[in-house]
$ cat model.cif   # mmCIF, C-alpha atoms
data_entry
loop_
_atom_site.label_atom_id
_atom_site.label_comp_id
_atom_site.auth_asym_id
_atom_site.auth_seq_id
_atom_site.Cartn_x
_atom_site.Cartn_y
_atom_site.Cartn_z
CA MET A 1 2.88 16.37 -10.05
CA GLY A 2 4.84 13.15 -10.39
CA PRO A 3 5.04 10.30 -11.22
CA LEU A 4 4.81 11.83 -14.67
CA ILE A 5 3.21 9.10 -16.76
CA PRO A 6 0.55 7.79 -14.33
CA ASN A 7 -0.53 11.36 -13.63
CA GLY A 8 -0.80 12.14 -17.31
CA VAL A 9 1.87 14.87 -17.40
CA ILE A 10 3.52 12.81 -20.13
CA PRO A 11 1.12 10.85 -22.34
CA TYR A 12 1.13 7.11 -21.77
CA GLU A 13 2.19 6.43 -25.36
CA TRP A 14 5.61 7.93 -24.61
CA ASN A 15 6.26 5.20 -22.06
CA ASN A 16 8.19 2.82 -24.32
CA ILE A 17 9.98 5.53 -26.25
CA LEU A 18 11.26 7.08 -23.04
CA ALA A 19 12.24 3.64 -21.77
CA ILE A 20 14.33 3.04 -24.90
CA LEU A 21 16.01 6.44 -24.63
CA ILE A 22 16.80 5.96 -20.94
CA GLY A 23 18.06 2.45 -21.73
CA ILE A 24 20.41 3.75 -24.41
CA ALA A 25 21.75 6.39 -22.03
CA PHE A 26 22.18 3.75 -19.33
CA GLY A 27 24.09 1.46 -21.67
CA PHE A 28 26.29 4.35 -22.78
CA VAL A 29 27.16 5.26 -19.19
CA LEU A 30 27.82 1.60 -18.30
CA GLU A 31 30.22 1.22 -21.19
CA SER A 32 31.95 4.58 -20.74
CA SER A 33 32.61 3.87 -17.06
CA GLY A 34 34.23 0.54 -17.85
CA PHE A 35 31.43 -1.75 -16.78
CA SER A 36 31.63 -3.76 -19.96
CA SER A 37 34.85 -5.31 -18.66
CA SER A 38 34.28 -8.60 -16.90
CA ARG A 39 37.56 -8.15 -15.02
CA LYS A 40 36.35 -4.91 -13.50
CA LEU A 41 33.02 -6.45 -12.53
CA ALA A 42 34.57 -9.55 -11.03
CA GLY A 43 36.95 -7.35 -9.04
CA VAL A 44 34.38 -6.87 -6.34
CA PHE A 45 34.61 -10.59 -5.50
CA TYR A 46 38.42 -10.70 -5.51
CA GLY A 47 38.92 -7.40 -3.76
CA TYR A 48 40.90 -5.43 -6.30
CA ASP A 49 38.04 -3.25 -7.59
CA PHE A 50 34.89 -2.27 -5.72
CA ALA A 51 33.38 -0.11 -8.46
CA VAL A 52 30.26 -2.30 -8.68
CA LEU A 53 29.48 -2.00 -5.00
CA LYS A 54 30.14 1.74 -5.03
CA VAL A 55 28.03 2.36 -8.10
CA PHE A 56 25.00 0.42 -6.92
CA PHE A 57 25.13 1.72 -3.39
CA THR A 58 25.59 5.33 -4.54
CA ALA A 59 22.73 4.97 -7.00
CA ALA A 60 20.40 3.69 -4.27
CA VAL A 61 21.39 6.39 -1.79
CA VAL A 62 21.30 9.30 -4.24
CA ALA A 63 17.99 8.18 -5.74
CA SER A 64 16.30 7.70 -2.38
CA ILE A 65 17.54 11.03 -1.02
CA GLY A 66 16.44 12.76 -4.20
CA LEU A 67 13.04 11.09 -4.28
CA TYR A 68 12.28 11.94 -0.67
CA TYR A 69 13.30 15.58 -1.18
CA MET A 70 11.05 15.72 -4.23
CA ASP A 71 8.29 14.08 -2.21
CA TYR A 72 8.77 16.65 0.55
CA LEU A 73 8.55 19.50 -1.94
CA GLY A 74 5.49 17.96 -3.56
CA TYR A 75 6.97 17.23 -6.99
CA ILE A 76 6.46 13.52 -6.70
CA SER A 77 4.46 11.28 -4.45
CA VAL A 78 6.44 8.34 -3.13
CA GLY A 79 3.26 6.42 -2.38
CA GLU A 80 2.34 6.37 -6.05
CA LEU A 81 5.61 4.92 -7.26
CA TYR A 82 5.62 1.38 -8.58
CA VAL A 83 7.15 -1.10 -6.15
CA GLN A 84 8.28 -4.49 -7.41
CA PRO A 85 6.44 -7.34 -5.72
CA THR A 86 8.50 -9.44 -3.33
CA TYR A 87 8.66 -13.23 -3.52
CA LEU A 88 10.99 -13.79 -0.61
CA TRP A 89 12.48 -17.25 -1.19
CA GLY A 90 12.40 -16.88 -4.94
CA ALA A 91 14.42 -13.69 -4.58
CA ILE A 92 16.92 -15.24 -2.17
CA ILE A 93 17.59 -18.37 -4.20
CA GLY A 94 17.42 -16.55 -7.52
CA GLY A 95 19.83 -13.96 -6.15
CA ALA A 96 22.28 -16.67 -5.10
CA VAL A 97 22.11 -18.35 -8.53
CA MET A 98 22.62 -14.98 -10.18
CA GLY A 99 25.59 -14.28 -7.90
CA VAL A 100 27.25 -17.56 -8.91
CA GLY A 101 26.76 -16.61 -12.54
CA PHE A 102 28.17 -13.17 -11.79
CA VAL A 103 31.38 -14.57 -10.28
CA ALA A 104 31.78 -17.24 -12.93
CA ALA A 105 31.27 -15.02 -15.96
CA GLY A 106 32.06 -11.57 -14.64
CA PHE A 107 28.88 -10.07 -16.04
CA CYS A 108 25.44 -9.21 -14.89
CA PRO A 109 22.78 -9.38 -17.62
CA GLY A 110 22.77 -5.63 -18.29
CA THR A 111 26.51 -5.22 -18.58
CA ALA A 112 26.72 -8.34 -20.77
CA ILE A 113 24.52 -6.61 -23.34
CA THR A 114 26.80 -3.55 -23.39
CA SER A 115 29.80 -5.86 -23.83
CA VAL A 116 28.11 -7.60 -26.73
CA ALA A 117 27.57 -4.15 -28.22
CA ILE A 118 31.32 -3.49 -28.18
CA GLY A 119 32.02 -6.95 -29.56
CA LYS A 120 33.31 -9.02 -26.66
CA ILE A 121 33.21 -12.72 -27.37
CA ASP A 122 32.95 -13.86 -23.72
CA ALA A 123 29.85 -11.69 -23.37
CA MET A 124 28.30 -13.34 -26.41
CA VAL A 125 28.90 -16.73 -24.87
CA TYR A 126 27.36 -15.39 -21.65
CA ILE A 127 24.24 -14.27 -23.54
CA VAL A 128 23.92 -17.76 -25.04
CA GLY A 129 24.15 -19.05 -21.47
CA ILE A 130 21.31 -16.73 -20.45
CA MET A 131 19.22 -18.07 -23.32
CA ILE A 132 19.87 -21.66 -22.23
CA GLY A 133 18.96 -20.73 -18.66
CA VAL A 134 15.73 -19.08 -19.82
CA PHE A 135 14.94 -22.17 -21.90
CA ILE A 136 15.49 -24.55 -18.99
CA PHE A 137 13.44 -22.34 -16.69
CA SER A 138 10.52 -22.20 -19.11
CA GLU A 139 10.62 -25.91 -19.86
CA PHE A 140 10.63 -26.85 -16.19
CA TYR A 141 8.37 -24.01 -15.14
CA THR A 142 5.91 -26.29 -13.34
CA LEU A 143 8.80 -27.55 -11.25
CA PHE A 144 9.96 -24.07 -10.32
CA GLN A 145 6.50 -22.56 -9.97
CA PRO A 146 5.98 -23.09 -6.21
CA LEU A 147 9.31 -21.36 -5.56
CA TYR A 148 8.71 -18.69 -8.19
CA GLU A 149 5.26 -17.73 -6.94
CA GLY A 150 5.55 -18.76 -3.32
CA SER A 151 6.23 -16.67 -0.21
CA TYR A 152 4.58 -13.68 -1.82
CA LEU A 153 4.80 -10.60 0.37
CA GLY A 154 3.14 -8.08 -1.91
CA ASN A 155 4.50 -4.80 -3.19
CA ILE A 156 6.37 -3.96 -0.04
CA THR A 157 9.34 -1.80 0.75
CA VAL A 158 11.75 -2.15 3.66
CA VAL A 159 10.24 0.98 5.19
CA ASP A 160 6.68 -0.37 5.00
CA TYR A 161 7.55 -3.84 6.15
CA PHE A 162 9.49 -2.88 9.26
CA GLY A 163 7.53 0.30 9.89
CA VAL A 164 10.62 2.46 10.28
CA ASN A 165 10.77 6.17 9.62
CA PRO A 166 11.90 6.48 5.98
CA TYR A 167 14.03 9.58 6.64
CA ILE A 168 15.98 7.94 9.43
CA PHE A 169 16.31 4.78 7.35
CA ILE A 170 17.80 6.74 4.45
CA PHE A 171 20.18 8.54 6.78
CA CYS A 172 21.36 5.21 8.24
CA LEU A 173 21.68 3.75 4.74
CA THR A 174 23.86 6.69 3.73
CA ILE A 175 26.13 6.19 6.71
CA VAL A 176 26.36 2.45 6.00
CA ALA A 177 27.17 3.16 2.36
CA LEU A 178 29.93 5.60 3.22
CA LEU A 179 31.41 3.19 5.76
CA ALA A 180 31.27 0.41 3.18
CA PHE A 181 33.09 2.61 0.67
CA PHE A 182 35.74 3.43 3.25
CA PHE A 183 36.39 -0.16 4.30
CA THR A 184 36.31 -1.60 0.81
CA ASP A 185 38.82 1.03 -0.19
CA MET A 186 41.08 -0.15 2.64
CA ILE A 187 40.70 -3.74 1.42
CA ARG A 188 41.48 -2.68 -2.13
CA LYS A 189 44.70 -1.05 -0.99
CA LYS A 190 45.80 -4.22 0.81
CA VAL A 191 45.03 -6.54 -2.09
CA LYS A 192 47.65 -7.00 -4.76
CA LYS A 193 46.94 -4.75 -7.68
CA VAL A 194 45.62 -6.39 -10.79
CA PHE A 195 46.05 -4.66 -14.09
CA TYR A 196 43.23 -5.08 -16.52
CA MET B 26 47.72 13.79 8.06
CA LYS B 27 47.00 10.12 8.22
CA THR B 28 43.31 10.49 7.34
CA LYS B 29 44.26 12.63 4.40
CA LYS B 30 46.23 9.74 3.02
CA LEU B 31 43.50 7.29 3.82
CA ILE B 32 40.74 9.23 2.07
CA ALA B 33 41.30 11.53 -0.83
CA PRO B 34 39.92 15.04 -0.17
CA ARG B 35 37.49 14.82 -3.07
CA TYR B 36 35.90 11.73 -1.58
CA LEU B 37 35.71 13.43 1.77
CA PHE B 38 33.89 16.33 0.16
CA LEU B 39 31.40 14.08 -1.64
CA SER B 40 30.73 12.04 1.50
CA ALA B 41 30.14 15.24 3.44
CA ILE B 42 27.57 16.36 0.86
CA LEU B 43 25.78 13.01 1.07
CA ILE B 44 25.69 13.10 4.86
CA ILE B 45 24.43 16.67 4.91
CA LEU B 46 21.69 15.90 2.40
CA ALA B 47 20.60 12.73 4.19
CA GLY B 48 20.75 14.50 7.55
CA GLY B 49 18.67 17.29 6.06
CA LEU B 50 15.93 14.77 5.32
CA VAL B 51 15.86 13.77 8.97
CA LEU B 52 15.93 17.33 10.27
CA ILE B 53 13.51 19.14 7.96
CA PRO B 54 10.25 19.98 9.73
CA LYS B 55 7.58 17.45 8.86
CA PHE B 56 4.04 18.39 7.96
CA GLU B 57 0.90 16.36 7.72
CA LYS B 58 0.71 15.08 4.22
CA HIS B 59 -2.57 15.26 2.43
CA GLU B 60 -4.07 11.80 2.30
CA GLY B 61 -6.47 10.55 -0.30
CA ILE B 62 -7.24 12.18 -3.61
CA SER B 63 -6.02 15.67 -4.44
CA PRO B 64 -8.25 18.64 -3.55
CA GLU B 65 -8.63 19.55 -7.23
CA LEU B 66 -9.95 16.10 -8.06
CA LEU B 67 -12.33 16.18 -5.10
CA LEU B 68 -13.68 19.54 -6.26
CA SER B 69 -14.18 18.33 -9.81
CA ASN B 70 -15.96 15.23 -8.51
CA ALA B 71 -18.14 17.39 -6.26
CA ILE B 72 -19.36 19.61 -9.08
CA SER B 73 -19.71 16.73 -11.52
CA PRO B 74 -23.34 16.08 -12.56
CA GLU B 75 -22.72 12.38 -12.03
CA ARG B 76 -22.63 12.96 -8.31
CA TYR B 77 -26.41 12.97 -7.98
CA ILE B 78 -28.90 10.45 -9.20
CA SER B 79 -32.52 11.54 -9.40
CA THR B 80 -35.38 9.54 -7.90
CA ASP B 81 -36.86 9.04 -11.37
CA GLU B 82 -33.64 7.54 -12.65
CA LEU B 83 -33.42 5.29 -9.63
CA ALA B 84 -37.01 4.14 -10.11
CA ASP B 85 -36.27 3.41 -13.73
CA ARG B 86 -33.27 1.30 -12.79
CA TYR B 87 -35.28 -0.49 -10.12
CA ILE B 88 -38.01 -1.38 -12.56
CA SER B 89 -35.62 -2.51 -15.24
CA ARG B 90 -33.99 -4.69 -12.56
CA ASP B 91 -30.58 -3.16 -13.09
CA PRO B 92 -28.18 -5.51 -11.27
CA THR B 93 -25.41 -2.91 -10.99
CA ILE B 94 -26.96 -0.65 -8.36
CA LEU B 95 -26.05 -0.99 -4.73
CA LEU B 96 -28.20 1.10 -2.39
CA ILE B 97 -26.69 2.16 0.88
CA ASP B 98 -28.77 3.68 3.64
CA VAL B 99 -26.53 5.87 5.78
CA ARG B 100 -29.15 6.60 8.46
CA ASP B 101 -29.01 4.90 11.85
CA GLU B 102 -30.27 1.40 12.38
CA SER B 103 -33.64 2.25 13.97
CA SER B 104 -34.76 4.41 11.06
CA PHE B 105 -33.46 1.77 8.67
CA ASN B 106 -35.68 -0.83 10.34
CA GLU B 107 -38.64 1.56 10.23
CA ASN B 108 -38.58 2.26 6.53
CA THR B 109 -36.10 2.18 3.73
CA LEU B 110 -35.81 1.61 0.04
CA PRO B 111 -36.06 -1.95 -1.22
CA ASN B 112 -32.88 -4.04 -1.36
CA SER B 113 -30.74 -1.51 0.45
CA VAL B 114 -27.86 -2.08 2.84
CA ASN B 115 -27.60 -0.18 6.10
CA ILE B 116 -24.25 1.47 6.82
CA PRO B 117 -24.78 4.15 9.50
CA LEU B 118 -22.73 7.28 8.88
CA ASN B 119 -20.74 6.86 12.10
CA LYS B 120 -19.72 3.34 11.05
CA LEU B 121 -18.95 4.29 7.47
CA LEU B 122 -15.21 3.68 7.73
CA ASP B 123 -15.66 0.40 9.57
CA GLU B 124 -13.64 -2.42 8.02
CA ASN B 125 -16.70 -4.64 7.65
CA PHE B 126 -18.29 -2.23 5.21
CA ASP B 127 -15.19 -1.56 3.18
CA ALA B 128 -16.07 -4.20 0.61
CA TYR B 129 -19.40 -2.48 -0.12
CA LEU B 130 -17.93 0.95 -0.68
CA ASN B 131 -14.46 0.35 -2.06
CA GLN B 132 -15.25 -1.53 -5.24
CA THR B 133 -15.80 -0.83 -8.89
CA ALA B 134 -18.40 -3.42 -9.85
CA TYR B 135 -21.50 -1.57 -8.62
CA ASP B 136 -22.87 1.93 -8.77
CA VAL B 137 -23.12 2.80 -5.11
CA ILE B 138 -26.09 5.03 -4.34
CA LEU B 139 -26.01 6.65 -0.93
CA PHE B 140 -29.21 7.96 0.58
CA SER B 141 -30.59 9.30 3.82
CA ASN B 142 -33.76 11.17 4.74
CA ASP B 143 -32.70 14.08 2.59
CA SER B 144 -29.35 14.30 0.82
CA PHE B 145 -27.48 15.90 3.74
CA LYS B 146 -26.03 12.86 5.50
CA ALA B 147 -25.59 11.02 2.25
CA ASN B 148 -23.50 13.94 1.01
CA GLN B 149 -21.30 13.71 4.08
CA ALA B 150 -20.77 10.04 3.40
CA TRP B 151 -20.10 10.82 -0.23
CA ILE B 152 -17.37 13.33 0.66
CA LEU B 153 -15.72 10.92 3.12
CA CYS B 154 -15.66 8.03 0.68
CA ASN B 155 -14.66 10.18 -2.24
CA ARG B 156 -11.63 11.54 -0.42
CA LEU B 157 -10.51 7.96 0.11
CA GLY B 158 -10.60 7.50 -3.63
CA TYR B 159 -13.59 5.16 -3.81
CA LYS B 160 -15.21 4.92 -7.21
CA ASN B 161 -18.76 4.98 -8.60
CA LEU B 162 -20.37 6.86 -5.74
CA HIS B 163 -23.67 8.64 -6.17
CA VAL B 164 -26.09 10.43 -3.89
CA LEU B 165 -29.82 10.02 -4.23
CA LYS B 166 -30.98 13.61 -4.74
CA GLY B 167 -33.44 14.54 -2.02
CA GLY B 168 -33.16 11.16 -0.32
CA ILE B 169 -36.12 9.17 0.96
CA ASN B 170 -38.32 12.27 1.38
CA GLU B 171 -37.93 13.07 -2.29
CA TRP B 172 -38.55 9.41 -3.13
CA PHE B 173 -41.88 9.47 -1.30
CA SER B 174 -43.00 12.79 -2.71
CA THR B 175 -42.14 11.96 -6.29
CA ILE B 176 -42.32 8.24 -6.83
CA ILE B 177 -44.61 6.87 -4.15
CA ASN B 178 -46.96 9.81 -3.96
CA PRO B 179 -46.57 11.77 -7.21
CA LYS B 180 -48.37 15.08 -7.52
CA GLU B 181 -50.93 15.24 -10.26
CA PRO B 182 -50.12 18.01 -12.73
CA THR B 183 -52.66 20.77 -13.30
CA GLU B 184 -54.10 21.44 -16.71
CA ASN B 185 -51.91 24.38 -17.54
CA MET B 186 -48.73 22.37 -17.20
CA PRO B 187 -46.65 21.27 -20.17
CA LYS B 188 -46.94 17.89 -21.77
CA THR B 189 -43.69 16.68 -20.25
CA ALA B 190 -45.15 17.13 -16.77
CA PHE B 191 -47.97 14.78 -17.68
CA GLU B 192 -45.56 12.27 -19.12
CA LEU B 193 -43.46 12.46 -15.99
CA TYR B 194 -46.57 12.01 -13.89
CA SER B 195 -47.65 8.95 -15.79
CA PHE B 196 -44.17 7.49 -15.43
CA ARG B 197 -44.15 8.16 -11.70
CA LYS B 198 -47.61 6.78 -11.31
CA ALA B 199 -46.65 3.63 -13.10
CA ALA B 200 -43.53 3.40 -10.97
CA SER B 201 -45.53 3.80 -7.78
CA MET B 202 -47.83 1.01 -8.92
CA TYR B 203 -44.75 -1.11 -9.36
CA PHE B 204 -43.82 -0.39 -5.77
CA GLY B 205 -47.30 -1.37 -4.61
CA VAL B 206 -49.39 1.82 -4.52
CA MET B 207 -53.02 1.37 -5.51
CA TYR B 208 -55.05 4.04 -7.33
CA GLU B 209 -58.79 4.47 -7.46
CA ASP B 210 -58.98 4.19 -11.19
CA GLN B 211 -57.03 1.01 -10.92
CA LEU B 212 -59.69 -0.48 -8.64
CA LYS B 213 -62.40 -0.18 -11.26
CA ILE B 214 -61.89 -3.45 -12.88
CA ALA B 215 -62.64 -3.06 -16.50
CA VAL B 216 -64.80 -5.88 -17.69
CA PRO B 217 -63.14 -7.41 -20.66
CA LYS B 218 -65.33 -7.47 -23.74
CA LYS B 219 -66.38 -10.89 -24.63
CA THR B 220 -65.41 -11.59 -28.14
CA LYS B 221 -66.96 -14.39 -30.03
CA THR B 222 -64.43 -16.97 -30.61
CA THR B 223 -64.87 -19.11 -33.59
CA PRO B 224 -64.19 -22.71 -32.82
CA LYS B 225 -61.02 -23.84 -34.28
CA LEU B 226 -61.46 -25.76 -37.39
CA VAL B 227 -59.81 -29.05 -37.21
CA ILE B 228 -59.19 -30.87 -40.39
CA PRO B 229 -58.40 -34.44 -39.73
CA ILE B 230 -55.47 -35.57 -41.69
CA LYS B 231 -55.70 -39.06 -42.89
CA LYS B 232 -52.54 -40.81 -42.40
CA LYS B 233 -51.46 -42.98 -45.17
CA LYS B 234 -51.28 -46.46 -44.08
CA LYS B 235 -48.14 -48.18 -44.83
CA ILE B 236 -48.75 -50.92 -47.23
CA PRO B 237 -47.03 -54.02 -46.16
CA THR B 238 -44.67 -55.24 -48.77
CA GLU B 239 -45.90 -58.19 -50.51
CA GLY B 240 -44.23 -61.01 -52.13
CA GLY B 241 -40.59 -60.86 -52.71
CA CYS B 242 -38.07 -62.00 -55.08
#
$ encode --input "model.cif" --output "structure tokens"
Amino acid sequence: MGPLIPNGVIPYEWNNILAILIGIAFGFVLESSGFSSSRKLAGVFYGYDFAVLKVFFTAAVVASIGLYYMDYLGYISVGELYVQPTYLWGAIIGGAVMGVGFVAAGFCPGTAITSVAIGKIDAMVYIVGIMIGVFIFSEFYTLFQPLYEGSYLGNITVVDYFGVNPYIFIFCLTIVALLAFFFTDMIRKKVKKVFY
Amino acid sequence: MKTKKLIAPRYLFLSAILIILAGGLVLIPKFEKHEGISPELLLSNAISPERYISTDELADRYISRDPTILLIDVRDESSFNENTLPNSVNIPLNKLLDENFDAYLNQTAYDVILFSNDSFKANQAWILCNRLGYKNLHVLKGGINEWFSTIINPKEPTENMPKTAFELYSFRKAASMYFGVMYEDQLKIAVPKKTKTTPKLVIPIKKKKKIPTEGGC
């Protein structure tokens, strides 16, 4: 049956409308769970709040378990899902730059937008910073191009690349996630509480 | 008691659910997943009229020098060397899934036409390639035998046949001539009538001579 749009269960024209609706819901959940606070987001780097780590890890684990159950039951075919292409070094260096920005500002691009929506001034400044970054990147694109388009590995997943059994990989990932939650919680208890 | 303090019971419960679900994925009995296109799609392709291409249509495309056809002979190499259709590529049925031939079959630029002596082996090849999701595959209906009996050696229609049969015959005859068959009536070289040609009248045009300018101010 799934994926719904490529298989024509939902007409292609609904693509953008659904994306907007899902985006609004995502923004609402981000804001309602406190992710529009830069202090909460930065907490993961200072050890007083690991909500970011928990949220992203849980999302990955729950989604992969759910997708593979749906695949098993024939509701969706994992092979037909879109996989983002991997540019290895671009991703590593870009990820590091993004991480520095994350620590410095306390936002990732998505949460900054939700913060702008509730009227936070630091988030607005952050968005201006994003714009400047985008401008610099586009102006010096020829300089960045070999990094941006180099070390292309195709639309691969960890499972495909290393040839591991996806079910065992997901099981291991779940265990790792739970252990990470446990240990980060221990760290959080040791670190001095910050009120925000 | 100590673990209870370390982890709140509600977290313990949620972690247990996650572990059970993930462990379930590992433990559920696996089955061979269907590879290639879905059975429904294969069936609809199989009964689609586009699956077959008739010898007449192929001849027409040959003669109009259609660049989009790609003929693939799925018989073995010895029969391919003996006789085949013009401009065809030999991919024996048992080497069909060979990597070297993948570029011929798995593409969208050409209309692939599979043929064999009749349509039996070509149909097998068609099913195999279709299940892999290859596009634009056709089978020459009746194969080479049909090609010879219709295009190369067309049967003359009898007098009580409809007009369309005669038209088809004249098309096939013309096609066979294109492929090099000679007919008796073709051998009688009609002597072209000599027509008197009037000599072309040539009117000489006198060119005006340029008068050199005289004098001057």
$ interface_residues --input "model.cif" --of "chain B" --to "chain A" --cutoff "10 Å" --atoms "all atoms listed in the file" --output "number ranges by chain"
B: 31-32, 36-37, 39-41, 43-56, 58
$ resolve_selection --input "model.cif" --expression "the PyMOL selection byres ((chain A and resi 47) around 12)" --output "PyMOL selection string"
chain A and resi 39-46+48-53+183-194
$ atom_distance --input "model.cif" --atom1 "CA of Arg156 (chain B)" --atom2 "CA of Ile62 (chain B)"
5.5 Å
$ atom_distance --input "model.cif" --atom1 "CA of Met207 (chain B)" --atom2 "CA of Pro179 (chain B)"
12.4 Å
$ resolve_selection --input "model.cif" --expression "the PyMOL selection byres ((chain A and resi 127) around 12)" --output "number ranges by chain"
A: 101, 105, 107-117, 120-126, 128-134
$ closest_atom_pairs --input "model.cif" --of "region 34-114 of chain A" --to "region 147-160 of chain A" --cutoff "7 Å" --atoms "all atoms listed in the file" --output "CSV"
residue,atom,partner,partner_atom,distance
A:Val83,CA,A:Asn155,CA,5.4
A:Gln84,CA,A:Asn155,CA,5.7
A:Pro85,CA,A:Asn155,CA,4.1
A:Thr86,CA,A:Leu153,CA,5.4
A:Tyr87,CA,A:Tyr152,CA,4.4
A:Leu88,CA,A:Ser151,CA,5.6
A:Trp89,CA,A:Ser151,CA,6.4
A:Gly90,CA,A:Tyr148,CA,5.2
$ atom_distance --input "model.cif" --atom1 "CA of Ser174 (chain B)" --atom2 "CA of Leu121 (chain B)"
27.5 Å
$ residues_near_point --input "model.cif" --point "(-18.1, 8.1, 1.7)" --cutoff "9 Å" --atoms "all atoms listed in the file" --output "VMD selection string"
chain B and resid 118 121 to 122 130 139 147 to 157 159 162
$ resolve_selection --input "model.cif" --expression "the PyMOL selection byres ((chain B and resi 85) around 12)" --output "list in words"
Ile78, Ser79, Thr80, Asp81, Glu82, Leu83, Ala84, Arg86, Tyr87, Ile88, Ser89, Arg90, Asp91, Ile94, Ile176, Leu193, Phe196, Arg197, Ala199, Ala200, Ser201, Tyr203 and Phe204 of chain B
$ residues_near_point --input "model.cif" --point "(-48.8, 14.8, -15.3)" --cutoff "9 Å" --atoms "all atoms listed in the file" --output "list in words"
Pro179, Lys180, Glu181, Pro182, Thr183, Glu184, Met186, Pro187, Lys188, Thr189, Ala190, Phe191, Glu192, Leu193, Tyr194, Ser195, Phe196 and Arg197 of chain B
$ axis_aligned_box --input "model.cif" --around "region 70-81 of chain A" --padding-each-side "8 Å" --output "JSON"
{"center_x": 6.7, "center_y": 12.2, "center_z": -3.4, "size_x": 24.7, "size_y": 30.6, "size_z": 23.8}
$ residues_around --input "model.cif" --residues "Thr109 (chain B)" --least-positions-apart "5" --cutoff "12 Å" --atoms "only C-alpha atoms" --output "PDB file with C-alpha atoms, in the frame of the given file"
ATOM      1  CA  LEU B  96     -28.200   1.100  -2.390  1.00  0.00           C
ATOM      2  CA  ILE B  97     -26.690   2.160   0.880  1.00  0.00           C
ATOM      3  CA  ASP B  98     -28.770   3.680   3.640  1.00  0.00           C
ATOM      4  CA  VAL B  99     -26.530   5.870   5.780  1.00  0.00           C
ATOM      5  CA  ARG B 100     -29.150   6.600   8.460  1.00  0.00           C
ATOM      6  CA  ASP B 101     -29.010   4.900  11.850  1.00  0.00           C
ATOM      7  CA  GLU B 102     -30.270   1.400  12.380  1.00  0.00           C
ATOM      8  CA  SER B 103     -33.640   2.250  13.970  1.00  0.00           C
ATOM      9  CA  SER B 104     -34.760   4.410  11.060  1.00  0.00           C
ATOM     10  CA  VAL B 114     -27.860  -2.080   2.840  1.00  0.00           C
ATOM     11  CA  ASN B 115     -27.600  -0.180   6.100  1.00  0.00           C
ATOM     12  CA  LEU B 139     -26.010   6.650  -0.930  1.00  0.00           C
ATOM     13  CA  PHE B 140     -29.210   7.960   0.580  1.00  0.00           C
ATOM     14  CA  SER B 141     -30.590   9.300   3.820  1.00  0.00           C
ATOM     15  CA  ASN B 142     -33.760  11.170   4.740  1.00  0.00           C
ATOM     16  CA  GLY B 168     -33.160  11.160  -0.320  1.00  0.00           C
ATOM     17  CA  ILE B 169     -36.120   9.170   0.960  1.00  0.00           C
ATOM     18  CA  ASN B 170     -38.320  12.270   1.380  1.00  0.00           C
ATOM     19  CA  TRP B 172     -38.550   9.410  -3.130  1.00  0.00           C
ATOM     20  CA  PHE B 173     -41.880   9.470  -1.300  1.00  0.00           C
TER      21      PHE B 173
END
